[in-house]
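Structure first, then comments.
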Amino acid sequence: SDNFGNSVSLDDNRLAVGAAGGDGSGNGASGTGEVYLYTFSDSAFSGGSLAATIGEGYSGGNNIDQDQDSFDSFGTSVSLDGDRLAVGADGGDGSGNSTSNSGEVYLYTFSDSAFSGGELAATIGDGYTGGKNINQDLDTSDNFGNSVSLDDNRLAVGAAGGDGSGNGASGTGEVYLYT
C-alpha cells in the first residue's frame with residue numbers, strides 16, 4: 001500500500017516518483033510518504049538507477065531524511081525542473097501540526113543532475129515562517145499540495161479541498177501561484 005507511482009515527473013534523463021502511502025525507512029511511520037529519484041544514462045531509459053530517496057528516516061548517500069508524521073502523504077505530487085524539486089504532502093498538518101490536512105509543499109535543490117547535495121530549501125504551508133519558507137493561510141482539509149507544477153521560477157499548487165474566497169464554496173478547490 002505504498003502507492004508507488006501515484007505521482008511522477010520526468011525531466012531530461014531524471015525521474016521523480018512519489019509513493020504517498022510509503023511508511024518511511026524501515027516501514028516505521030505509517031503513510032508518511034516517500035519520493036524516489038532515478039537517473040538514466042540516455043533518453044531510451046538505459047542504465048536506470050535509484051539515485052536517492054527522500055522521506056522519514058532516509059539517510060546516507062544522496063538520501064534526504066524529511067521529518068514527516070503519519071498520514072502526511074508526502075509525495076502526493078512531485079514536479080522536477082532542472083536541479084529543483086517540488087513535493088506535495090496534501091495530508092500535512094502545517095507547522096506544529098496545528099491545521100489538520102491543510103497540506104504542505106516542500107522545495108528542494110540539488111547541486112547536480114545526479115541528485116547530489118540535496119537539501120530542503122523552503123516549505124510552504126500553514127504557519128511556516130523563517131528563511132525562504134512561506135506562511136500560506138490554509139484551513140483544515142484544504143489538501144494544499146495535492147498537485148504541484150514547477151517551471152523555472154514559477155510554482156503552481158493545487159488545493160483540492162479549498163473552499164474558495166472567504167471559504168464561501170465548500171470543497172470547490174483552489175490553485176495558488178508563486179514566483
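By order in the C-alpha cells, chains are A, B, ...; within a chain, residues start at 1; ligands start at 1, following the order shown.
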Find the spatial neighbours of Asp126 in chain A, counting only C-alpha atoms, within a cut-off of 10 Å - ignore same-chain residues fewer than 3 positions away - and output them as a compact mmCIF listing (two decimals) with N, CA, C and O atoms, in the first residue's frame.
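Once written, selection05.txt looks like this:
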```txt
# COMPACT_ATOMS: atom_id res chain seq x y z
N GLY A 92 -0.47 16.82 5.15
CA GLY A 92 0.30 17.53 6.18
C GLY A 92 -0.58 18.45 6.99
O GLY A 92 -1.62 18.93 6.52
N ASP A 93 -0.17 18.72 8.21
CA ASP A 93 -0.99 19.48 9.16
C ASP A 93 -0.44 20.86 9.48
O ASP A 93 -0.81 21.46 10.49
N GLY A 94 0.45 21.38 8.64
CA GLY A 94 1.02 22.70 8.88
C GLY A 94 2.07 22.68 9.97
O GLY A 94 2.30 21.66 10.62
N SER A 95 2.72 23.82 10.16
CA SER A 95 3.76 23.95 11.17
C SER A 95 3.18 23.65 12.54
O SER A 95 2.13 24.16 12.92
N GLY A 96 3.86 22.78 13.29
CA GLY A 96 3.39 22.42 14.62
C GLY A 96 2.16 21.54 14.63
O GLY A 96 1.51 21.38 15.65
N ASN A 97 1.81 20.96 13.47
CA ASN A 97 0.63 20.09 13.35
C ASN A 97 -0.63 20.78 13.85
O ASN A 97 -1.49 20.17 14.48
N SER A 98 -0.78 22.06 13.50
CA SER A 98 -1.88 22.86 14.04
C SER A 98 -3.13 22.90 13.17
O SER A 98 -4.19 23.31 13.64
N THR A 99 -3.04 22.48 11.89
CA THR A 99 -4.18 22.59 10.99
C THR A 99 -4.32 21.28 10.21
O THR A 99 -3.71 21.09 9.17
N SER A 102 -4.30 20.36 6.20
CA SER A 102 -4.22 21.61 5.43
C SER A 102 -3.29 21.45 4.24
O SER A 102 -3.52 22.01 3.18
N GLY A 103 -2.24 20.63 4.39
CA GLY A 103 -1.30 20.35 3.31
C GLY A 103 -0.07 21.22 3.34
O GLY A 103 -0.04 22.29 3.96
N GLU A 104 0.98 20.72 2.65
CA GLU A 104 2.27 21.40 2.62
C GLU A 104 2.95 21.11 1.29
O GLU A 104 2.67 20.09 0.65
N THR A 123 9.68 25.49 2.78
CA THR A 123 8.41 24.81 2.96
C THR A 123 7.30 25.85 2.85
O THR A 123 7.42 26.95 3.39
N THR A 129 7.33 29.81 8.74
CA THR A 129 7.97 31.13 8.65
C THR A 129 9.48 30.95 8.73
O THR A 129 9.98 29.85 9.00
N ILE A 134 7.25 29.95 3.35
CA ILE A 134 6.10 30.81 3.09
C ILE A 134 4.94 30.36 3.96
O ILE A 134 4.53 29.20 3.92
N ASN A 135 4.41 31.30 4.75
CA ASN A 135 3.24 31.04 5.57
C ASN A 135 2.01 31.26 4.70
O ASN A 135 1.62 32.38 4.44
N GLN A 136 1.41 30.16 4.24
CA GLN A 136 0.21 30.23 3.42
C GLN A 136 -0.99 29.97 4.32
O GLN A 136 -1.09 28.90 4.91
N ASP A 137 -1.87 30.94 4.44
CA ASP A 137 -3.06 30.79 5.30
C ASP A 137 -3.95 29.70 4.71
O ASP A 137 -4.52 29.87 3.63
N LEU A 138 -4.05 28.58 5.42
CA LEU A 138 -4.84 27.44 4.97
C LEU A 138 -5.77 26.99 6.08
O LEU A 138 -5.53 27.26 7.25
N ASP A 139 -6.81 26.28 5.69
CA ASP A 139 -7.78 25.76 6.64
C ASP A 139 -7.71 24.24 6.69
O ASP A 139 -7.13 23.59 5.81
N THR A 140 -8.33 23.67 7.70
CA THR A 140 -8.43 22.23 7.83
C THR A 140 -9.00 21.62 6.55
O THR A 140 -9.95 22.16 5.98
N PHE A 144 -3.82 21.30 0.44
CA PHE A 144 -2.82 22.07 -0.31
C PHE A 144 -1.68 21.13 -0.67
O PHE A 144 -1.20 20.37 0.16
```
Residue neighbourhood range 51-68 of chain A, 6 Å, only C-alpha atoms, exclusion window fewer than 6 positions, as a count of residues only | 9
Could you please write out, as a PyMOL selection string, every residue of range 125-164 of chain A that DSSP assigns to strand (DSSP E)?
-> chain A and resi 125+134-135+144-151+154-159
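With distances restricted to only C-alpha atoms, A:Leu150 is the closest residue to Ser9 in chain A from A:Val105, A:Ala156, A:Leu120, A:Leu150.
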Determine which residues of chain A DSSP labels as helix (DSSP H, G or I) from the backbone of this structure, then write them out as a PyMOL selection string.
-> chain A and resi 25-27+95-97+165-167
Nearest to Gly161 in chain A, chosen from A:Ser149, A:Ser113, A:Asn101, A:Thr39, with only C-alpha atoms counted in the distances = A:Asn101
CA of Ser43 in chain A to CA of Arg14 in chain A measures 9.4 Å
Mind checking which residues fall within 6 Å of Val87 in chain A, counting only C-alpha atoms, ignoring those fewer than 2 positions away in the same chain, and posting them as a count of residues only?
-> 5
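The gap separating CA of Ser73 in chain A from CA of Gly33 in chain A is 4.8 Å, in Å to one decimal.
Interatomic distance, CA of Asp42 in chain A against CA of Asp12 in chain A: 8.8 Å.
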If we count only C-alpha atoms, what is near Phe40 in chain A at a cut-off of 12 Å, once residues fewer than 6 positions away on the same chain are taken out, given as a VMD selection string?
-> chain A and resid 10 to 16 46 to 51 113 to 114
Selected residues written out with all heavy atoms, as a compact mmCIF listing (two decimals), in the first residue's frame:
```
# COMPACT_ATOMS: atom_id res chain seq x y z
N LEU A 10 9.10 13.72 -15.00
CA LEU A 10 10.27 13.37 -15.81
C LEU A 10 10.90 14.66 -16.33
O LEU A 10 10.20 15.53 -16.85
CB LEU A 10 9.82 12.48 -16.98
CG LEU A 10 10.89 11.94 -17.91
CD1 LEU A 10 11.81 10.99 -17.16
CD2 LEU A 10 10.21 11.19 -19.07
N ASP A 11 12.22 14.80 -16.14
CA ASP A 11 12.95 15.96 -16.64
C ASP A 11 14.26 15.47 -17.22
O ASP A 11 15.13 15.00 -16.49
CB ASP A 11 13.19 16.97 -15.52
CG ASP A 11 13.84 18.25 -16.03
OD1 ASP A 11 13.39 18.78 -17.06
OD2 ASP A 11 14.80 18.71 -15.39
N ASP A 12 14.38 15.53 -18.55
CA ASP A 12 15.55 15.04 -19.26
C ASP A 12 15.75 13.56 -18.92
O ASP A 12 14.84 12.77 -19.16
CB ASP A 12 16.76 15.91 -18.93
CG ASP A 12 17.90 15.71 -19.93
OD1 ASP A 12 17.62 15.36 -21.10
OD2 ASP A 12 19.08 15.91 -19.54
N ASN A 13 16.88 13.17 -18.35
CA ASN A 13 17.15 11.77 -18.03
C ASN A 13 17.00 11.48 -16.55
O ASN A 13 17.66 10.60 -16.00
CB ASN A 13 18.56 11.38 -18.49
CG ASN A 13 18.71 11.41 -19.99
OD1 ASN A 13 17.72 11.32 -20.71
ND2 ASN A 13 19.93 11.56 -20.46
N ARG A 14 16.10 12.22 -15.90
CA ARG A 14 15.86 12.04 -14.47
C ARG A 14 14.38 11.89 -14.21
O ARG A 14 13.55 12.48 -14.90
CB ARG A 14 16.44 13.22 -13.70
CG ARG A 14 17.96 13.28 -13.82
CD ARG A 14 18.58 14.55 -13.31
NE ARG A 14 17.97 15.69 -13.98
CZ ARG A 14 17.43 16.71 -13.34
NH1 ARG A 14 17.43 16.77 -12.04
NH2 ARG A 14 16.90 17.70 -14.00
N LEU A 15 14.06 11.12 -13.18
CA LEU A 15 12.67 10.81 -12.87
C LEU A 15 12.45 10.91 -11.36
O LEU A 15 13.24 10.38 -10.57
CB LEU A 15 12.34 9.39 -13.34
CG LEU A 15 10.98 8.81 -12.98
CD1 LEU A 15 9.86 9.57 -13.69
CD2 LEU A 15 10.94 7.33 -13.32
N ALA A 16 11.38 11.59 -10.97
CA ALA A 16 10.93 11.62 -9.57
C ALA A 16 9.63 10.84 -9.49
O ALA A 16 8.73 11.04 -10.30
CB ALA A 16 10.72 13.06 -9.10
N SER A 46 17.98 3.73 -20.63
CA SER A 46 19.04 2.75 -20.35
C SER A 46 19.77 3.13 -19.07
O SER A 46 19.81 4.30 -18.70
CB SER A 46 20.05 2.72 -21.50
OG SER A 46 19.42 2.40 -22.71
N GLY A 47 20.36 2.15 -18.44
CA GLY A 47 21.20 2.38 -17.28
C GLY A 47 20.50 3.04 -16.11
O GLY A 47 21.12 3.80 -15.37
N GLY A 48 19.24 2.75 -15.91
CA GLY A 48 18.49 3.36 -14.82
C GLY A 48 18.99 2.92 -13.46
O GLY A 48 19.33 1.76 -13.26
N SER A 49 19.05 3.88 -12.53
CA SER A 49 19.43 3.54 -11.16
C SER A 49 18.78 4.51 -10.18
O SER A 49 18.53 5.67 -10.50
CB SER A 49 20.95 3.56 -10.99
OG SER A 49 21.46 4.86 -11.15
N LEU A 50 18.52 3.99 -9.00
CA LEU A 50 17.97 4.80 -7.92
C LEU A 50 19.10 5.67 -7.39
O LEU A 50 20.12 5.18 -6.91
CB LEU A 50 17.40 3.92 -6.81
CG LEU A 50 16.86 4.63 -5.57
CD1 LEU A 50 15.67 5.51 -5.93
CD2 LEU A 50 16.48 3.61 -4.51
N ALA A 51 18.94 6.99 -7.48
CA ALA A 51 19.99 7.92 -7.05
C ALA A 51 19.76 8.40 -5.62
O ALA A 51 20.72 8.71 -4.91
CB ALA A 51 20.05 9.12 -7.99
N SER A 113 22.89 17.11 -11.56
CA SER A 113 21.81 16.32 -12.17
C SER A 113 21.76 14.88 -11.67
O SER A 113 20.86 14.13 -12.04
CB SER A 113 21.93 16.34 -13.70
OG SER A 113 23.16 15.78 -14.09
N ALA A 114 22.71 14.48 -10.82
CA ALA A 114 22.70 13.14 -10.23
C ALA A 114 22.09 13.16 -8.83
O ALA A 114 22.23 12.20 -8.09
CB ALA A 114 24.12 12.59 -10.18
```
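Shortest separation to Thr179 in chain A among A:Thr76, A:Asn153, A:Asn3, A:Ser165 occurs at residue A:Asn153, atoms counted being only C-alpha atoms.
You can rank A:Ser41, A:Ser1, A:Ser7, A:Ser70 by their closest distance to Gly91 in chain A using only C-alpha atoms, and at the top of that list sits A:Ser70.
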Pick out the residues sitting within 9 Å of Ala159 in chain A, and hand them over as number ranges by chain; count only C-alpha atoms, and ignore anything fewer than 4 positions along from it in its own chain.
-> A: 90, 102-103, 142-147, 173-176
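Using only C-alpha atoms, the protein and nucleic acid residues lying no more than 6 Å from Asp163 in chain A, apart from those fewer than 2 places from it along its own chain, are Asn167, Ala169, Ser170, Gly171, Thr172 and Gly173 of chain A.
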For those residues, write all heavy atoms to a file as a PDB file, in the first residue's frame.
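Output saved as result-v2.pdb:
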```pdb
ATOM      1  N   ASN A 167     -13.890  31.251   2.091  1.00  0.00           N
ATOM      2  CA  ASN A 167     -14.441  29.935   2.435  1.00  0.00           C
ATOM      3  C   ASN A 167     -15.928  29.843   2.102  1.00  0.00           C
ATOM      4  O   ASN A 167     -16.706  29.201   2.804  1.00  0.00           O
ATOM      5  CB  ASN A 167     -14.204  29.602   3.912  1.00  0.00           C
ATOM      6  CG  ASN A 167     -12.747  29.350   4.197  1.00  0.00           C
ATOM      7  OD1 ASN A 167     -12.029  28.808   3.361  1.00  0.00           O
ATOM      8  ND2 ASN A 167     -12.290  29.763   5.368  1.00  0.00           N
ATOM      9  N   ALA A 169     -17.432  28.511  -0.672  1.00  0.00           N
ATOM     10  CA  ALA A 169     -17.919  27.424  -1.530  1.00  0.00           C
ATOM     11  C   ALA A 169     -17.207  26.133  -1.144  1.00  0.00           C
ATOM     12  O   ALA A 169     -16.142  25.811  -1.671  1.00  0.00           O
ATOM     13  CB  ALA A 169     -17.687  27.771  -2.995  1.00  0.00           C
ATOM     14  N   SER A 170     -17.765  25.384  -0.250  1.00  0.00           N
ATOM     15  CA  SER A 170     -17.150  24.206   0.355  1.00  0.00           C
ATOM     16  C   SER A 170     -16.600  23.211  -0.665  1.00  0.00           C
ATOM     17  O   SER A 170     -17.319  22.740  -1.544  1.00  0.00           O
ATOM     18  CB  SER A 170     -18.169  23.512   1.248  1.00  0.00           C
ATOM     19  OG  SER A 170     -17.593  22.402   1.882  1.00  0.00           O
ATOM     20  N   GLY A 171     -15.288  22.916  -0.536  1.00  0.00           N
ATOM     21  CA  GLY A 171     -14.644  21.874  -1.327  1.00  0.00           C
ATOM     22  C   GLY A 171     -14.542  22.133  -2.814  1.00  0.00           C
ATOM     23  O   GLY A 171     -14.337  21.201  -3.582  1.00  0.00           O
ATOM     24  N   THR A 172     -14.666  23.366  -3.244  1.00  0.00           N
ATOM     25  CA  THR A 172     -14.583  23.663  -4.686  1.00  0.00           C
ATOM     26  C   THR A 172     -13.163  23.621  -5.211  1.00  0.00           C
ATOM     27  O   THR A 172     -12.953  23.420  -6.393  1.00  0.00           O
ATOM     28  CB  THR A 172     -15.200  25.033  -4.999  1.00  0.00           C
ATOM     29  OG1 THR A 172     -14.554  26.022  -4.216  1.00  0.00           O
ATOM     30  CG2 THR A 172     -16.691  25.025  -4.736  1.00  0.00           C
ATOM     31  N   GLY A 173     -12.171  23.816  -4.348  1.00  0.00           N
ATOM     32  CA  GLY A 173     -10.770  23.762  -4.738  1.00  0.00           C
ATOM     33  C   GLY A 173     -10.185  25.123  -5.069  1.00  0.00           C
ATOM     34  O   GLY A 173     -10.909  26.087  -5.323  1.00  0.00           O
TER      35      GLY A 173
END
```
